[in-house]
$ cat input-v4.cif   # mmCIF, C-alpha atoms
data_final
#
loop_
_atom_site.label_atom_id
_atom_site.label_comp_id
_atom_site.auth_asym_id
_atom_site.auth_seq_id
_atom_site.Cartn_x
_atom_site.Cartn_y
_atom_site.Cartn_z
CA MET A 30 -61.65 -145.33 -65.79
CA GLU A 31 -64.83 -145.31 -67.90
CA THR A 32 -65.28 -147.78 -70.72
CA PRO A 33 -66.81 -146.51 -73.98
CA GLU A 34 -70.08 -148.31 -73.09
CA GLU A 35 -70.32 -146.48 -69.77
CA LYS A 36 -69.44 -143.06 -71.12
CA SER A 37 -72.32 -140.62 -70.94
CA ALA A 38 -73.75 -139.58 -74.28
CA ALA A 39 -76.00 -136.91 -72.79
CA SER A 40 -76.56 -135.46 -69.34
CA VAL A 41 -79.94 -135.00 -67.71
CA LYS A 42 -79.28 -131.26 -67.60
CA ILE A 43 -78.74 -130.96 -71.38
CA VAL A 44 -81.72 -133.20 -72.26
CA ASP A 45 -84.00 -131.28 -69.90
CA ALA A 46 -82.87 -127.94 -71.33
CA VAL A 47 -83.28 -129.03 -74.97
CA THR A 48 -86.72 -130.52 -74.22
CA ALA A 49 -87.80 -127.30 -72.49
CA ILE A 50 -86.69 -125.25 -75.52
CA ALA A 51 -88.54 -127.57 -77.93
CA ILE A 52 -91.75 -127.38 -75.88
CA PHE A 53 -91.41 -123.60 -75.61
CA LEU A 54 -91.17 -123.35 -79.40
CA MET A 55 -94.25 -125.56 -79.81
CA GLY A 56 -96.09 -123.30 -77.37
CA VAL A 57 -95.06 -120.24 -79.39
CA VAL A 58 -96.43 -121.83 -82.57
CA VAL A 59 -99.73 -122.63 -80.81
CA ILE A 60 -99.99 -119.07 -79.44
CA TRP A 61 -99.16 -117.50 -82.82
CA ASP A 62 -101.64 -119.61 -84.77
CA SER A 63 -104.33 -119.24 -82.10
CA TRP A 64 -103.95 -115.46 -82.25
CA ARG A 65 -104.27 -115.67 -86.04
CA LEU A 66 -107.54 -117.60 -85.66
CA GLY A 67 -108.85 -115.29 -82.98
CA ALA A 68 -108.00 -115.79 -79.32
CA LYS A 69 -110.42 -113.34 -77.76
CA TRP A 70 -113.87 -113.64 -76.31
CA GLY A 71 -116.32 -112.70 -79.03
CA SER A 72 -119.90 -111.53 -78.77
CA ASP A 73 -121.11 -115.11 -79.15
CA GLY A 74 -118.49 -116.74 -76.92
CA PRO A 75 -114.87 -117.77 -77.31
CA GLU A 76 -113.28 -117.48 -80.73
CA ALA A 77 -111.66 -120.51 -82.39
CA GLY A 78 -108.21 -119.86 -80.94
CA TYR A 79 -109.27 -118.90 -77.42
CA PHE A 80 -108.60 -122.19 -75.61
CA PRO A 81 -105.57 -123.23 -77.72
CA PHE A 82 -104.04 -119.80 -76.98
CA TYR A 83 -104.09 -120.49 -73.26
CA ILE A 84 -102.81 -124.03 -73.73
CA GLY A 85 -99.87 -122.57 -75.68
CA LEU A 86 -99.33 -120.00 -72.94
CA ILE A 87 -99.27 -122.75 -70.30
CA LEU A 88 -96.77 -124.71 -72.43
CA CYS A 89 -94.48 -121.68 -72.67
CA ILE A 90 -94.66 -120.84 -68.96
CA SER A 91 -94.02 -124.42 -67.85
CA SER A 92 -91.15 -124.83 -70.31
CA VAL A 93 -89.49 -121.70 -68.93
CA ILE A 94 -89.82 -123.17 -65.43
CA ASN A 95 -88.36 -126.49 -66.65
CA PHE A 96 -85.52 -124.71 -68.44
CA TRP A 97 -84.67 -122.75 -65.28
CA SER A 98 -84.78 -125.98 -63.28
CA ALA A 99 -82.44 -127.65 -65.80
CA LEU A 100 -79.95 -124.78 -65.51
CA LYS A 101 -79.93 -125.11 -61.72
CA ASN A 102 -79.26 -128.89 -61.93
CA THR A 103 -75.70 -129.50 -60.73
CA THR A 104 -75.79 -133.28 -60.25
CA GLY A 105 -74.26 -134.13 -63.64
CA ASP A 106 -76.31 -137.33 -63.89
CA SER A 107 -76.16 -139.22 -67.15
CA PHE A 108 -79.38 -139.39 -69.17
CA VAL A 109 -78.12 -142.08 -71.52
CA ASN A 110 -74.79 -143.83 -71.98
CA ALA A 111 -73.09 -144.32 -75.33
CA SER A 112 -73.98 -148.00 -75.77
CA SER A 113 -77.66 -147.37 -75.00
CA LEU A 114 -77.74 -144.42 -77.39
CA LYS A 115 -76.25 -146.63 -80.11
CA MET A 116 -79.05 -149.17 -79.58
CA ILE A 117 -81.68 -146.43 -79.70
CA MET A 118 -80.22 -145.01 -82.91
CA SER A 119 -80.09 -148.47 -84.50
CA VAL A 120 -83.89 -148.45 -84.33
CA MET A 121 -84.64 -144.74 -84.72
CA ILE A 122 -82.61 -144.04 -87.88
CA PRO A 123 -84.11 -146.93 -89.91
CA THR A 124 -87.58 -145.92 -88.67
CA ILE A 125 -87.07 -142.35 -89.90
CA ILE A 126 -85.88 -143.71 -93.26
CA TYR A 127 -88.95 -145.99 -93.36
CA VAL A 128 -91.30 -143.04 -92.85
CA GLY A 129 -89.47 -141.15 -95.61
CA LEU A 130 -89.80 -144.12 -97.95
CA ILE A 131 -93.56 -144.26 -97.46
CA GLY A 132 -94.24 -140.76 -98.75
CA GLY A 133 -91.02 -139.92 -100.55
CA ALA A 134 -88.86 -136.87 -100.10
CA GLY A 135 -88.63 -134.01 -102.57
CA PRO A 136 -88.49 -135.24 -106.16
CA VAL A 137 -88.21 -138.90 -105.07
CA PRO A 138 -91.63 -140.59 -105.17
CA GLY A 139 -92.70 -142.63 -102.19
CA LEU A 140 -92.83 -146.40 -102.23
CA GLY A 141 -96.12 -146.47 -100.35
CA ILE A 142 -96.75 -148.04 -96.99
CA TYR A 143 -96.93 -151.65 -98.17
CA VAL A 144 -93.63 -151.86 -100.07
CA ALA A 145 -91.82 -149.73 -97.46
CA SER A 146 -93.21 -151.97 -94.69
CA THR A 147 -92.04 -155.11 -96.49
CA ILE A 148 -88.51 -153.72 -96.73
CA PHE A 149 -88.57 -152.41 -93.15
CA ILE A 150 -89.79 -155.68 -91.62
CA ALA A 151 -87.33 -157.75 -93.68
CA LEU A 152 -84.34 -155.60 -92.72
CA PHE A 153 -85.22 -155.62 -89.04
CA MET A 154 -85.87 -159.35 -88.95
CA LYS A 155 -82.57 -160.13 -90.68
CA TRP A 156 -80.41 -157.42 -89.07
CA LEU A 157 -81.65 -157.26 -85.48
CA GLY A 158 -83.53 -160.55 -85.17
CA LYS A 159 -81.06 -162.71 -87.11
CA TYR A 160 -83.93 -164.77 -88.56
CA ALA A 161 -83.42 -167.21 -91.42
CA TRP A 162 -84.35 -166.04 -94.93
CA PRO A 163 -87.48 -168.20 -95.31
CA MET A 164 -88.99 -166.78 -92.11
CA THR A 165 -87.88 -163.24 -92.95
CA ILE A 166 -89.37 -163.30 -96.44
CA SER A 167 -92.63 -164.95 -95.42
CA VAL A 168 -93.33 -162.58 -92.51
CA SER A 169 -92.18 -159.42 -94.31
CA VAL A 170 -94.52 -160.19 -97.23
CA ALA A 171 -97.44 -161.61 -95.20
CA VAL A 172 -97.79 -158.69 -92.78
CA PRO A 173 -98.29 -155.99 -95.46
CA VAL A 174 -100.65 -158.29 -97.40
CA VAL A 175 -102.77 -158.81 -94.28
CA PHE A 176 -102.76 -155.06 -93.60
CA PHE A 177 -103.74 -154.38 -97.23
CA LEU A 178 -106.69 -156.74 -96.93
CA LEU A 179 -107.65 -155.34 -93.54
CA PHE A 180 -107.50 -151.64 -94.38
CA GLU A 181 -108.08 -151.41 -98.13
CA VAL A 182 -110.53 -154.25 -98.70
CA TRP A 183 -112.48 -154.74 -95.48
CA PHE A 184 -112.39 -151.33 -93.78
CA LYS A 185 -112.16 -149.31 -97.04
CA VAL A 186 -109.47 -147.06 -95.53
CA PRO A 187 -106.95 -146.08 -98.21
CA LEU A 188 -103.34 -145.92 -97.10
CA PRO A 189 -100.44 -144.33 -99.04
CA LYS A 190 -99.58 -146.38 -102.10
CA GLY A 191 -96.58 -146.25 -104.39
CA PRO A 192 -95.66 -147.16 -107.96
CA LEU A 193 -95.96 -150.93 -107.42
CA GLU A 194 -99.59 -150.66 -106.38
CA ALA A 195 -100.22 -148.31 -109.31
CA ALA A 196 -98.65 -150.84 -111.71
CA LEU A 197 -100.83 -153.59 -110.26
CA GLY A 198 -103.97 -151.41 -110.53
CA LEU A 199 -104.49 -151.29 -106.77
CA ASN A 200 -104.69 -147.49 -106.46
#
$ encode --input "input-v4.cif" --output "structure tokens"
Amino acid sequence: METPEEKSAASVKIVDAVTAIAIFLMGVVVIWDSWRLGAKWGSDGPEAGYFPFYIGLILCISSVINFWSALKNTTGDSFVNASSLKMIMSVMIPTIIYVGLIGGAGPVPGLGIYVASTIFIALFMKWLGKYAWPMTISVSVAVPVVFFLLFEVWFKVPLPKGPLEAALGLN
């Protein structure tokens, strides 16, 4: 009898098929946009979309082959079990939220990379790392400050900023 931790969350067959479909759709987008740009050989050489068109075509052909191979797979091997998928999601979902917090979503303004990074680092240190508050606060504040100095001051590379930076006149 399988325990919940050993139960398969996804089979290799399903993951291979879904991946093949996703790559096929990316290939279709590349082909479509390359054709829009011009995917022929012009009088002065290849047009802008010539090489990307063939890359998209190769993506589509190979994804069809991979999809067919996935359909023929009869082993039923597990790609990931439920406990491993839970661990993956415990990192992936907060990371997706972090990215959304940087730039905002819809009418909600973004917090910028520095404030979002402070929150992200603090939550991960406390939740997954089980660090004490003094260490969590010092690291989660120090890392974005160092990155601000590195990128904004020394390298002069502006990164996304939010309302806090605007209030402090750092935009």
$ resolve_selection --input "input-v4.cif" --expression "the PyMOL selection byres ((chain A and resi 122-128) around 10)" --output "list in words"
Ile117, Met118, Ser119, Val120, Met121, Gly129, Leu130, Ile131, Gly132, Gly133, Ala134, Gly139, Leu140, Gly141, Ile142, Ala145, Ser146, Ile148, Phe149, Ile150, Leu152 and Phe153 of chain A
$ residues_around --input "input-v4.cif" --residues "Ser112 of chain A" --least-positions-apart "3" --cutoff "9 Å" --atoms "all atoms listed in the file" --output "PDB file with C-alpha atoms, in the coordinates of the input"
ATOM      1  CA  PRO A  33     -66.810-146.510 -73.980  1.00  0.00           C
ATOM      2  CA  GLU A  34     -70.080-148.310 -73.090  1.00  0.00           C
ATOM      3  CA  GLU A  35     -70.320-146.480 -69.770  1.00  0.00           C
ATOM      4  CA  LYS A  36     -69.440-143.060 -71.120  1.00  0.00           C
ATOM      5  CA  SER A  37     -72.320-140.620 -70.940  1.00  0.00           C
ATOM      6  CA  ALA A  38     -73.750-139.580 -74.280  1.00  0.00           C
ATOM      7  CA  VAL A 109     -78.120-142.080 -71.520  1.00  0.00           C
ATOM      8  CA  LYS A 115     -76.250-146.630 -80.110  1.00  0.00           C
ATOM      9  CA  MET A 116     -79.050-149.170 -79.580  1.00  0.00           C
ATOM     10  CA  ILE A 117     -81.680-146.430 -79.700  1.00  0.00           C
TER      11      ILE A 117
END
$ resolve_selection --input "input-v4.cif" --expression "the PyMOL selection byres ((chain A and resi 75-79) around 9)" --output "list of chain:residue names"
A:Val59, A:Ile60, A:Asp62, A:Ser63, A:Trp64, A:Arg65, A:Leu66, A:Gly67, A:Ala68, A:Lys69, A:Trp70, A:Gly71, A:Ser72, A:Asp73, A:Gly74, A:Phe80, A:Pro81, A:Phe82, A:Tyr83
$ atom_distance --input "input-v4.cif" --atom1 "atom CA of Trp156 of chain A" --atom2 "atom CA of Pro189 of chain A"
25.9 Å
$ atom_distance --input "input-v4.cif" --atom1 "atom CA of Phe180 of chain A" --atom2 "atom CA of Ala161 of chain A"
28.8 Å
$ atom_distance --input "input-v4.cif" --atom1 "atom CA of Ala51 of chain A" --atom2 "atom CA of Ser91 of chain A"
11.9 Å
$ residues_around --input "input-v4.cif" --residues "Ile94 of chain A" --least-positions-apart "3" --cutoff "12 Å" --atoms "all atoms listed in the file" --output "compact mmCIF listing (two decimals) with C-alpha atoms, in the frame of the given file"
# COMPACT_ATOMS: atom_id res chain seq x y z
CA ASP A 45 -84.00 -131.28 -69.90
CA ALA A 46 -82.87 -127.94 -71.33
CA THR A 48 -86.72 -130.52 -74.22
CA ALA A 49 -87.80 -127.30 -72.49
CA ILE A 50 -86.69 -125.25 -75.52
CA ILE A 52 -91.75 -127.38 -75.88
CA PHE A 53 -91.41 -123.60 -75.61
CA ILE A 87 -99.27 -122.75 -70.30
CA LEU A 88 -96.77 -124.71 -72.43
CA CYS A 89 -94.48 -121.68 -72.67
CA ILE A 90 -94.66 -120.84 -68.96
CA SER A 91 -94.02 -124.42 -67.85
CA TRP A 97 -84.67 -122.75 -65.28
CA SER A 98 -84.78 -125.98 -63.28
CA ALA A 99 -82.44 -127.65 -65.80
CA LEU A 100 -79.95 -124.78 -65.51
CA LYS A 101 -79.93 -125.11 -61.72
$ resolve_selection --input "input-v4.cif" --expression "the PyMOL selection byres ((chain A and resi 194) around 12)" --output "list in words"
Gly139, Leu140, Gly141, Ile142, Tyr143, Val144, Ala145, Val174, Phe177, Glu181, Pro187, Leu188, Pro189, Lys190, Gly191, Pro192, Leu193, Ala195, Ala196, Leu197, Gly198, Leu199 and Asn200 of chain A
$ residues_around --input "input-v4.cif" --residues "segment 166-172 of chain A" --least-positions-apart "2" --cutoff "6 Å" --atoms "all atoms listed in the file" --output "PyMOL selection string"
chain A and resi 147+150-151+162-164+174-175
